[in-house]
>>> print(open('work39.tsv').read())   # TSV, C-alpha atoms
chain	number	residue	atom	x	y	z
O	1	MET	CA	-130.80	186.89	-140.70
O	2	THR	CA	-129.06	189.66	-138.79
O	3	ASP	CA	-130.42	188.81	-135.34
O	4	ARG	CA	-129.48	185.14	-135.34
O	5	LEU	CA	-127.96	183.53	-132.29
O	6	VAL	CA	-124.89	181.31	-132.43
O	7	GLU	CA	-123.54	178.35	-130.52
O	8	PRO	CA	-121.29	179.57	-127.68
O	9	GLN	CA	-117.61	178.97	-128.28
O	10	GLN	CA	-116.17	176.13	-126.24
O	11	VAL	CA	-112.88	177.44	-124.88
O	12	GLU	CA	-110.83	175.73	-122.18
O	13	VAL	CA	-110.47	177.89	-119.09
O	14	THR	CA	-108.10	176.98	-116.28
O	15	TYR	CA	-108.40	179.04	-113.12
O	16	GLU	CA	-105.35	179.12	-110.87
O	17	THR	CA	-107.55	179.98	-107.88
O	18	ASP	CA	-111.14	179.77	-106.74
O	19	THR	CA	-110.76	183.03	-104.83
O	20	PRO	CA	-109.42	185.77	-107.13
O	21	VAL	CA	-110.55	188.36	-104.59
O	22	ARG	CA	-110.05	188.36	-100.82
O	23	TYR	CA	-112.54	190.16	-98.63
O	24	GLU	CA	-111.35	191.16	-95.17
O	25	VAL	CA	-112.96	193.39	-92.57
O	26	ASP	CA	-110.81	195.16	-90.00
O	27	GLY	CA	-112.96	197.25	-87.66
O	28	PRO	CA	-114.95	199.73	-89.77
O	29	VAL	CA	-112.87	199.13	-92.91
O	30	ALA	CA	-113.50	196.52	-95.60
O	31	TRP	CA	-110.43	195.51	-97.61
O	32	ILE	CA	-111.19	194.20	-101.11
O	33	ILE	CA	-107.97	192.65	-102.36
O	34	MET	CA	-107.43	191.38	-105.90
O	35	ASP	CA	-105.50	188.15	-105.50
O	36	ARG	CA	-104.05	186.94	-108.81
O	37	PRO	CA	-100.48	188.11	-108.15
O	38	GLN	CA	-98.88	185.59	-110.51
O	39	PHE	CA	-100.78	187.32	-113.33
O	40	ASN	CA	-100.34	190.82	-111.89
O	41	ASN	CA	-104.02	190.87	-110.93
O	42	ALA	CA	-105.27	190.73	-114.51
O	43	GLN	CA	-109.05	190.97	-114.43
O	44	ASN	CA	-111.01	188.08	-115.88
O	45	SER	CA	-114.77	187.76	-115.40
O	46	GLN	CA	-114.21	185.44	-112.44
O	47	MET	CA	-112.41	188.31	-110.69
O	48	THR	CA	-114.84	190.98	-111.84
O	49	TYR	CA	-117.88	189.19	-110.46
O	50	ALA	CA	-115.96	188.46	-107.26
O	51	LEU	CA	-115.19	192.17	-106.96
O	52	ASP	CA	-118.85	192.96	-107.40
O	53	ALA	CA	-119.78	190.47	-104.67
O	54	ALA	CA	-117.22	192.06	-102.35
O	55	PHE	CA	-118.54	195.58	-102.97
O	56	ARG	CA	-122.04	194.25	-102.30
O	57	ALA	CA	-120.92	192.65	-99.02
O	58	ALA	CA	-119.26	195.88	-97.90
O	59	THR	CA	-122.32	197.92	-98.86
O	60	ASP	CA	-124.69	195.60	-97.01
O	61	ASP	CA	-122.63	195.54	-93.80
O	62	ASP	CA	-123.64	198.56	-91.69
O	63	ALA	CA	-120.53	198.08	-89.55
O	64	VAL	CA	-118.36	198.85	-92.58
O	65	LYS	CA	-117.84	202.59	-93.01
O	66	VAL	CA	-115.05	202.68	-95.61
O	67	ILE	CA	-113.90	200.41	-98.45
O	68	VAL	CA	-110.31	199.94	-99.61
O	69	LEU	CA	-109.56	198.39	-103.00
O	70	ALA	CA	-106.10	196.85	-103.29
O	71	GLY	CA	-104.04	194.38	-105.30
O	72	GLU	CA	-101.87	191.62	-103.86
O	73	GLY	CA	-98.24	191.43	-104.93
O	74	LYS	CA	-95.95	193.63	-106.97
O	75	HIS	CA	-98.64	195.40	-109.00
O	76	PHE	CA	-102.11	196.81	-108.39
O	77	SER	CA	-103.44	195.53	-111.73
O	78	ALA	CA	-102.06	194.92	-115.21
O	79	GLY	CA	-105.54	195.42	-116.66
O	80	HIS	CA	-108.05	193.14	-118.33
O	81	ASP	CA	-107.14	189.51	-118.81
O	82	ILE	CA	-106.23	189.09	-122.47
O	83	GLY	CA	-103.90	186.13	-122.24
O	84	THR	CA	-103.84	183.99	-119.07
O	85	PRO	CA	-105.19	180.41	-118.84
O	86	GLY	CA	-108.04	181.93	-116.84
O	87	ARG	CA	-109.28	184.19	-119.61
O	88	ASP	CA	-113.01	183.48	-119.58
O	89	LEU	CA	-114.42	185.70	-122.32
O	90	HIS	CA	-116.75	182.96	-123.56
O	91	ARG	CA	-118.05	181.79	-120.18
O	92	SER	CA	-121.47	182.66	-118.77
O	93	PHE	CA	-121.89	184.13	-115.30
O	94	GLU	CA	-124.87	185.07	-113.20
O	95	ARG	CA	-125.34	188.62	-114.40
O	96	LYS	CA	-125.88	191.55	-112.05
O	97	LEU	CA	-127.35	194.08	-114.48
O	98	LEU	CA	-130.25	193.86	-116.92
O	99	TYR	CA	-128.27	192.68	-119.92
O	100	ALA	CA	-128.65	189.41	-121.78
O	101	ASP	CA	-125.97	186.75	-121.75
O	102	HIS	CA	-123.26	187.46	-124.29
O	103	VAL	CA	-121.91	184.03	-125.18
O	104	ASN	CA	-124.50	183.24	-127.88
O	105	LYS	CA	-124.31	186.61	-129.61
O	106	PRO	CA	-122.69	186.85	-133.06
O	107	GLY	CA	-119.95	189.17	-134.22
O	108	ALA	CA	-119.39	192.46	-132.45
O	109	GLU	CA	-122.56	191.98	-130.41
O	110	LEU	CA	-120.76	189.50	-128.12
O	111	LEU	CA	-118.18	191.95	-126.79
O	112	TYR	CA	-120.61	194.87	-126.83
O	113	THR	CA	-123.08	192.96	-124.65
O	114	ARG	CA	-120.47	191.56	-122.27
O	115	GLU	CA	-118.66	194.84	-121.69
O	116	GLN	CA	-121.85	196.76	-120.99
O	117	GLU	CA	-122.07	194.57	-117.87
O	118	VAL	CA	-118.60	193.64	-116.71
O	119	TYR	CA	-116.76	196.84	-117.53
O	120	LEU	CA	-118.92	199.92	-117.99
O	121	GLY	CA	-121.90	198.81	-115.90
O	122	MET	CA	-120.01	197.37	-112.96
O	123	CYS	CA	-117.59	200.28	-112.75
O	124	ARG	CA	-120.50	202.67	-112.56
O	125	ARG	CA	-122.07	200.55	-109.82
O	126	TRP	CA	-118.88	200.65	-107.79
O	127	ARG	CA	-118.44	204.40	-108.29
O	128	ASP	CA	-121.87	204.92	-106.74
O	129	VAL	CA	-121.32	202.76	-103.63
O	130	PRO	CA	-122.67	204.91	-100.75
O	131	LYS	CA	-119.48	204.65	-98.70
O	132	PRO	CA	-116.07	206.27	-99.21
O	133	THR	CA	-113.70	204.16	-101.30
O	134	ILE	CA	-109.90	204.31	-101.45
O	135	ALA	CA	-107.72	202.74	-104.14
O	136	MET	CA	-104.37	201.61	-102.75
O	137	VAL	CA	-102.11	201.51	-105.82
O	138	GLN	CA	-98.62	200.07	-106.03
O	139	GLY	CA	-96.58	199.19	-109.10
O	140	ALA	CA	-98.49	199.00	-112.35
O	141	CYS	CA	-101.99	200.37	-112.82
O	142	ILE	CA	-102.56	199.69	-116.50
O	143	ALA	CA	-105.63	200.00	-118.76
O	144	GLY	CA	-108.38	198.07	-116.95
O	145	GLY	CA	-106.50	198.77	-113.72
O	146	LEU	CA	-107.16	202.48	-114.28
O	147	MET	CA	-110.88	201.80	-114.31
O	148	LEU	CA	-110.73	200.18	-110.89
O	149	ALA	CA	-108.66	202.99	-109.39
O	150	TRP	CA	-110.76	205.72	-111.01
O	151	VAL	CA	-114.08	204.48	-109.61
O	152	CYS	CA	-112.70	205.04	-106.11
O	153	ASP	CA	-113.13	208.36	-104.34
O	154	LEU	CA	-109.49	208.64	-103.29
O	155	ILE	CA	-106.27	207.20	-104.72
O	156	VAL	CA	-103.17	206.71	-102.58
O	157	ALA	CA	-100.17	205.49	-104.53
O	158	SER	CA	-96.75	204.15	-103.67
O	159	ASP	CA	-93.80	206.16	-104.92
O	160	ASP	CA	-93.01	203.42	-107.47
O	161	ALA	CA	-96.54	203.30	-108.91
O	162	PHE	CA	-97.26	204.20	-112.51
O	163	PHE	CA	-100.40	204.61	-114.63
O	164	GLN	CA	-100.77	203.69	-118.29
O	165	ASP	CA	-103.39	203.11	-120.99
O	166	PRO	CA	-101.53	201.69	-124.00
O	167	VAL	CA	-104.52	200.29	-125.93
O	168	ASN	CA	-104.02	202.73	-128.82
O	169	ARG	CA	-101.50	200.10	-129.94
O	170	MET	CA	-104.58	197.98	-130.68
O	171	GLY	CA	-106.29	200.87	-132.47
O	172	ILE	CA	-108.63	201.33	-129.49
O	173	PRO	CA	-109.30	204.80	-128.00
O	174	GLY	CA	-108.85	203.98	-124.33
O	175	VAL	CA	-110.52	201.57	-121.95
O	176	GLU	CA	-114.28	201.14	-121.58
O	177	TYR	CA	-114.79	203.27	-118.45
O	178	PHE	CA	-113.48	206.37	-120.23
O	179	ALA	CA	-112.68	208.87	-117.50
O	180	HIS	CA	-109.41	210.08	-119.00
O	181	GLY	CA	-110.64	213.58	-119.86
O	182	PHE	CA	-111.91	214.04	-116.31
O	183	GLU	CA	-108.91	212.60	-114.49
O	184	LEU	CA	-106.43	214.60	-116.61
O	185	PRO	CA	-106.34	217.92	-118.50
O	186	PRO	CA	-107.34	217.40	-122.15
O	187	ARG	CA	-103.92	217.79	-123.77
O	188	ILE	CA	-102.29	215.59	-121.12
O	189	ALA	CA	-105.04	213.01	-121.64
O	190	LYS	CA	-104.37	213.03	-125.38
O	191	GLY	CA	-100.68	212.36	-124.82
O	192	PHE	CA	-101.48	209.69	-122.23
O	193	LEU	CA	-103.65	207.87	-124.79
O	194	LEU	CA	-101.89	208.57	-128.07
O	195	LEU	CA	-98.40	207.74	-126.81
O	196	GLY	CA	-99.50	205.18	-124.23
O	197	GLU	CA	-96.49	205.92	-122.05
O	198	ARG	CA	-96.22	205.28	-118.34
O	199	MET	CA	-97.20	208.17	-116.10
O	200	PRO	CA	-95.28	208.04	-112.81
O	201	ALA	CA	-97.29	208.58	-109.63
O	202	ALA	CA	-95.55	211.90	-109.04
O	203	ARG	CA	-96.78	213.26	-112.38
O	204	ALA	CA	-100.28	211.89	-111.78
O	205	TYR	CA	-100.24	213.71	-108.43
O	206	GLN	CA	-99.44	216.99	-110.21
O	207	PHE	CA	-102.68	216.69	-112.19
O	208	GLY	CA	-104.80	215.73	-109.19
O	209	MET	CA	-105.35	212.13	-110.29
O	210	VAL	CA	-103.66	210.89	-107.10
O	211	ASN	CA	-104.37	212.23	-103.62
O	212	GLU	CA	-101.17	211.15	-101.89
O	213	ILE	CA	-97.87	209.40	-102.63
O	214	VAL	CA	-96.03	207.46	-99.95
O	215	PRO	CA	-93.13	205.00	-99.89
O	216	ARG	CA	-94.32	201.50	-100.69
O	217	ALA	CA	-93.35	200.26	-97.20
O	218	GLU	CA	-95.71	202.84	-95.68
O	219	LEU	CA	-98.58	202.45	-98.15
O	220	ARG	CA	-100.89	200.14	-96.23
O	221	ASP	CA	-100.42	201.99	-92.95
O	222	ARG	CA	-101.19	205.32	-94.56
O	223	VAL	CA	-104.30	203.98	-96.30
O	224	ALA	CA	-105.49	202.33	-93.08
O	225	ALA	CA	-105.07	205.61	-91.18
O	226	MET	CA	-106.96	207.53	-93.86
O	227	ALA	CA	-109.74	204.93	-93.84
O	228	LEU	CA	-110.11	205.17	-90.07
O	229	GLU	CA	-110.31	208.95	-90.27
O	230	LEU	CA	-113.08	208.69	-92.88
O	231	ALA	CA	-114.85	206.08	-90.74
O	232	SER	CA	-115.00	208.59	-87.87
O	233	ARG	CA	-117.12	210.97	-89.96
O	234	PRO	CA	-120.95	210.84	-90.20
O	235	ARG	CA	-122.12	208.06	-92.51
O	236	LEU	CA	-124.68	210.15	-94.38
O	237	GLY	CA	-122.30	213.07	-94.65
O	238	ASN	CA	-119.72	210.87	-96.37
O	239	TRP	CA	-122.32	209.60	-98.81
O	240	LEU	CA	-123.73	213.03	-99.61
O	241	THR	CA	-120.25	214.47	-100.11
O	242	LYS	CA	-119.25	211.87	-102.68
O	243	GLN	CA	-122.65	212.23	-104.39
O	244	ALA	CA	-122.13	215.98	-104.62
O	245	ILE	CA	-118.81	215.71	-106.45
O	246	ASN	CA	-120.01	212.83	-108.63
O	247	HIS	CA	-122.98	214.99	-109.59
O	248	VAL	CA	-120.69	217.85	-110.61
O	249	GLU	CA	-118.70	215.46	-112.81
O	250	ASP	CA	-121.87	214.22	-114.46
O	251	LEU	CA	-123.10	217.79	-115.03
O	252	ARG	CA	-119.80	218.39	-116.81
O	253	GLY	CA	-120.65	215.50	-119.12
O	254	LYS	CA	-118.77	212.56	-117.65
O	255	ARG	CA	-121.54	210.01	-118.11
O	256	THR	CA	-122.56	211.09	-121.61
O	257	ALA	CA	-118.93	211.33	-122.75
O	258	MET	CA	-118.29	207.86	-121.39
O	259	ASP	CA	-121.31	206.48	-123.27
O	260	ALA	CA	-120.07	208.00	-126.52
O	261	VAL	CA	-116.52	206.69	-126.16
O	262	PHE	CA	-117.80	203.24	-125.18
O	263	HIS	CA	-119.34	203.06	-128.66
O	264	MET	CA	-116.11	204.29	-130.27
O	265	HIS	CA	-114.30	201.59	-128.31
O	266	HIS	CA	-116.55	198.91	-129.78
O	267	PHE	CA	-116.34	200.36	-133.26
O	268	ALA	CA	-112.57	199.88	-132.92
O	269	HIS	CA	-113.06	196.26	-131.81
O	270	ALA	CA	-115.30	195.65	-134.85
O	271	GLN	CA	-112.76	197.27	-137.18
O	272	ASN	CA	-110.05	195.02	-135.80
O	273	ASP	CA	-112.26	191.99	-136.36
O	274	LEU	CA	-112.91	193.00	-139.96
O	275	LEU	CA	-109.25	193.67	-140.76
O	276	SER	CA	-107.48	190.99	-138.74
O	277	GLY	CA	-110.10	188.55	-137.50
O	278	ASN	CA	-109.19	189.50	-133.93
O	279	SER	CA	-110.93	192.15	-131.83
O	280	LEU	CA	-107.62	193.15	-130.20
O	281	GLY	CA	-105.78	193.55	-133.48
O	282	GLY	CA	-103.81	190.34	-132.92
O	283	LEU	CA	-102.21	191.50	-129.68
O	284	ASP	CA	-102.38	189.56	-126.42
O	285	GLY	CA	-101.18	190.01	-122.87
O	286	LYS	CA	-97.61	188.91	-123.56
O	287	GLY	CA	-97.33	191.08	-126.65
O	288	MET	CA	-98.66	194.15	-124.88
O	289	ALA	CA	-96.44	193.58	-121.85
O	290	ALA	CA	-93.37	193.22	-124.05
O	291	ALA	CA	-94.20	196.40	-125.95
O	292	ASN	CA	-94.79	198.29	-122.71
O	293	LYS	CA	-91.48	197.15	-121.24
O	294	LYS	CA	-89.58	197.99	-124.42
O	295	ALA	CA	-91.10	201.48	-124.50
O	296	ALA	CA	-90.09	201.95	-120.87
O	297	GLY	CA	-86.53	200.84	-121.60
O	298	GLU	CA	-86.91	197.54	-119.75
O	299	GLY	CA	-86.99	195.23	-122.76
>>> encode(input="work39.tsv", output="structure tokens")
Amino acid sequence: MTDRLVEPQQVEVTYETDTPVRYEVDGPVAWIIMDRPQFNNAQNSQMTYALDAAFRAATDDDAVKVIVLAGEGKHFSAGHDIGTPGRDLHRSFERKLLYADHVNKPGAELLYTREQEVYLGMCRRWRDVPKPTIAMVQGACIAGGLMLAWVCDLIVASDDAFFQDPVNRMGIPGVEYFAHGFELPPRIAKGFLLLGERMPAARAYQFGMVNEIVPRAELRDRVAAMALELASRPRLGNWLTKQAINHVEDLRGKRTAMDAVFHMHHFAHAQNDLLSGNSLGGLDGKGMAAANKKAAGEG
């Protein structure tokens, strides 16, 4: 029977913190800060749902005019959690979108159902928040980290920041929120994905993916000043302005392209499962990190 349900997998999950996201309000600015620095802010579901709650709090607070998304520690985010003790792929959460729980779904349906909510669906929710958002990026912004930066209206990066989507090593055509062809020119996007190399902030700035680059020591001050400037503008004007540009992107096909590539992404997961018994092609966080460092001459 093809639509059978299965018993959820019982996997031990050990969270290093009960608060993977800090939410701080300073005047008219809400600071949403990923706080798993010992794991380079790898995103498990615990963090993702905490991020969603923080965006909801900032949206509901009329005193908040601008939202900053940041990461504690050396790196903004190393991407999705594919190897820490807190990896919670098989854990249920109170869902925020109209999708069924994923944990009792067989085969490829499990990941397909989960990622409609926690990756594609939530990123689209955050992109449409009716207040200006700024990503404050330092260090690594890798794979799933790109998704979090790209949903923001502005990106300010430290001069040591870099961007990377190396999941072609797993046979996967980029992360689930597939904005690559809109953030970068097509041929540059192909190289970014096919080679999976690090793109320094200065090169990302050349292509318009980053708004400003500042020394790391000045990053927070610059972002705070930018946020205060945005907060001084009319609330509705800010909202309408971001809607206008988002609408242009969608007219150019951003949403439909993203839907198509999301299905390619899950076809790749299913292929990996068929060939290796592992949706990630047998790679985990440590393996990907080692490969990335070796390619960057750090290994």
>>> residues_near_point(input="work39.tsv", point="(-100.8, 187.8, -103.7)", cutoff="12 Å", atoms="all atoms listed in the file", output="PDB file with C-alpha atoms, keeping the file's coordinate frame")
ATOM      1  CA  THR O  17    -107.550 179.980-107.880  1.00  0.00           C
ATOM      2  CA  THR O  19    -110.760 183.030-104.830  1.00  0.00           C
ATOM      3  CA  PRO O  20    -109.420 185.770-107.130  1.00  0.00           C
ATOM      4  CA  VAL O  21    -110.550 188.360-104.590  1.00  0.00           C
ATOM      5  CA  ARG O  22    -110.050 188.360-100.820  1.00  0.00           C
ATOM      6  CA  ILE O  33    -107.970 192.650-102.360  1.00  0.00           C
ATOM      7  CA  MET O  34    -107.430 191.380-105.900  1.00  0.00           C
ATOM      8  CA  ASP O  35    -105.500 188.150-105.500  1.00  0.00           C
ATOM      9  CA  ARG O  36    -104.050 186.940-108.810  1.00  0.00           C
ATOM     10  CA  PRO O  37    -100.480 188.110-108.150  1.00  0.00           C
ATOM     11  CA  GLN O  38     -98.880 185.590-110.510  1.00  0.00           C
ATOM     12  CA  PHE O  39    -100.780 187.320-113.330  1.00  0.00           C
ATOM     13  CA  ASN O  40    -100.340 190.820-111.890  1.00  0.00           C
ATOM     14  CA  ASN O  41    -104.020 190.870-110.930  1.00  0.00           C
ATOM     15  CA  ALA O  70    -106.100 196.850-103.290  1.00  0.00           C
ATOM     16  CA  GLY O  71    -104.040 194.380-105.300  1.00  0.00           C
ATOM     17  CA  GLU O  72    -101.870 191.620-103.860  1.00  0.00           C
ATOM     18  CA  GLY O  73     -98.240 191.430-104.930  1.00  0.00           C
ATOM     19  CA  LYS O  74     -95.950 193.630-106.970  1.00  0.00           C
ATOM     20  CA  HIS O  75     -98.640 195.400-109.000  1.00  0.00           C
ATOM     21  CA  PHE O  76    -102.110 196.810-108.390  1.00  0.00           C
ATOM     22  CA  SER O  77    -103.440 195.530-111.730  1.00  0.00           C
TER      23      SER O  77
END
>>> closest_residue(input="work39.tsv", among="O:Asp284, O:Glu176, O:Glu12, O:Asp52", to="Arg91 (chain O)", atoms="all atoms listed in the file")
O:Glu12
>>> residues_around(input="work39.tsv", residues="Met199 (chain O)", least_positions_apart="6", cutoff="7 Å", atoms="all atoms listed in the file", output="ChimeraX atom specification")
/O:162-164
>>> closest_atom_pairs(input="work39.tsv", of="region 91-183 of chain O", to="region 210-232 of chain O", cutoff="8 Å", atoms="all atoms listed in the file", output="tab-separated table")
residue	atom	partner	partner_atom	distance
O:Pro132	CA	O:Leu230	CA	7.4
O:Ile134	CA	O:Val223	CA	7.6
O:Met136	CA	O:Val223	CA	6.9
O:Gln138	CA	O:Arg216	CA	7.0
O:Leu154	CA	O:Asn211	CA	6.3
O:Ile155	CA	O:Val210	CA	5.1
O:Val156	CA	O:Glu212	CA	4.9
O:Ala157	CA	O:Ile213	CA	4.9
O:Ser158	CA	O:Arg216	CA	4.7
O:Asp159	CA	O:Pro215	CA	5.2
O:Asp160	CA	O:Arg216	CA	7.2
>>> residues_around(input="work39.tsv", residues="Leu240 (chain O)", least_positions_apart="4", cutoff="12 Å", atoms="all atoms listed in the file", output="PyMOL selection string")
chain O and resi 128-132+233-236+244-247
>>> write_last_selection(input="work39.tsv", atoms="C-alpha atoms", output="mmCIF file, in the coordinates of the input")
data_model
loop_
_atom_site.group_PDB
_atom_site.id
_atom_site.type_symbol
_atom_site.label_atom_id
_atom_site.label_comp_id
_atom_site.auth_asym_id
_atom_site.auth_seq_id
_atom_site.Cartn_x
_atom_site.Cartn_y
_atom_site.Cartn_z
ATOM 1 C CA ASP O 128 -121.870 204.920 -106.740
ATOM 2 C CA VAL O 129 -121.320 202.760 -103.630
ATOM 3 C CA PRO O 130 -122.670 204.910 -100.750
ATOM 4 C CA LYS O 131 -119.480 204.650 -98.700
ATOM 5 C CA PRO O 132 -116.070 206.270 -99.210
ATOM 6 C CA ARG O 233 -117.120 210.970 -89.960
ATOM 7 C CA PRO O 234 -120.950 210.840 -90.200
ATOM 8 C CA ARG O 235 -122.120 208.060 -92.510
ATOM 9 C CA LEU O 236 -124.680 210.150 -94.380
ATOM 10 C CA ALA O 244 -122.130 215.980 -104.620
ATOM 11 C CA ILE O 245 -118.810 215.710 -106.450
ATOM 12 C CA ASN O 246 -120.010 212.830 -108.630
ATOM 13 C CA HIS O 247 -122.980 214.990 -109.590
#
>>> residues_around(input="work39.tsv", residues="region 189-194 of chain O", least_positions_apart="6", cutoff="12 Å", atoms="all atoms listed in the file", output="ChimeraX atom specification")
/O:142-143,162-175,178-183,200,203-204,207,209
>>> atom_distance(input="work39.tsv", atom1="CA of Lys65 (chain O)", atom2="CA of Val29 (chain O)")
6.1 Å
>>> closest_residue(input="work39.tsv", among="O:Arg198, O:Gly86, O:Gly281, O:Tyr99", to="Thr14 (chain O)", atoms="all atoms listed in the file")
O:Gly86
>>> atom_distance(input="work39.tsv", atom1="CA of Leu69 (chain O)", atom2="CA of Val137 (chain O)")
8.6 Å
>>> decode(input="work39.tsv", residues="region 43-54 of chain O", atoms="N, CA, C and O atoms", output="compact mmCIF listing (two decimals), in the first residue's frame")
# COMPACT_ATOMS: atom_id res chain seq x y z
N GLN O 43 21.45 25.02 11.90
CA GLN O 43 20.00 25.16 12.11
C GLN O 43 19.32 23.80 12.23
O GLN O 43 19.16 23.09 11.23
N ASN O 44 18.94 23.45 13.45
CA ASN O 44 18.04 22.31 13.63
C ASN O 44 16.61 22.83 13.69
O ASN O 44 16.36 24.04 13.60
N SER O 45 15.65 21.94 13.84
CA SER O 45 14.26 22.40 13.90
C SER O 45 14.00 23.22 15.15
O SER O 45 13.20 24.17 15.13
N GLN O 46 14.66 22.88 16.25
CA GLN O 46 14.52 23.67 17.47
C GLN O 46 14.83 25.13 17.18
O GLN O 46 14.08 26.04 17.57
N MET O 47 15.92 25.38 16.46
CA MET O 47 16.30 26.75 16.12
C MET O 47 15.31 27.36 15.12
O MET O 47 14.92 28.52 15.25
N THR O 48 14.91 26.58 14.13
CA THR O 48 14.05 27.12 13.09
C THR O 48 12.72 27.60 13.65
O THR O 48 12.23 28.69 13.32
N TYR O 49 12.12 26.79 14.53
CA TYR O 49 10.86 27.21 15.13
C TYR O 49 11.06 28.38 16.09
O TYR O 49 10.18 29.23 16.23
N ALA O 50 12.22 28.44 16.73
CA ALA O 50 12.52 29.59 17.58
C ALA O 50 12.70 30.86 16.74
O ALA O 50 12.28 31.95 17.15
N LEU O 51 13.31 30.72 15.58
CA LEU O 51 13.41 31.86 14.67
C LEU O 51 12.03 32.34 14.25
O LEU O 51 11.75 33.54 14.22
N ASP O 52 11.16 31.40 13.93
CA ASP O 52 9.81 31.78 13.52
C ASP O 52 9.09 32.51 14.64
O ASP O 52 8.40 33.51 14.40
N ALA O 53 9.25 32.03 15.87
CA ALA O 53 8.61 32.70 17.01
C ALA O 53 9.15 34.11 17.19
O ALA O 53 8.41 35.05 17.53
N ALA O 54 10.46 34.28 16.94
CA ALA O 54 11.06 35.61 17.09
C ALA O 54 10.56 36.56 16.00
O ALA O 54 10.24 37.73 16.28
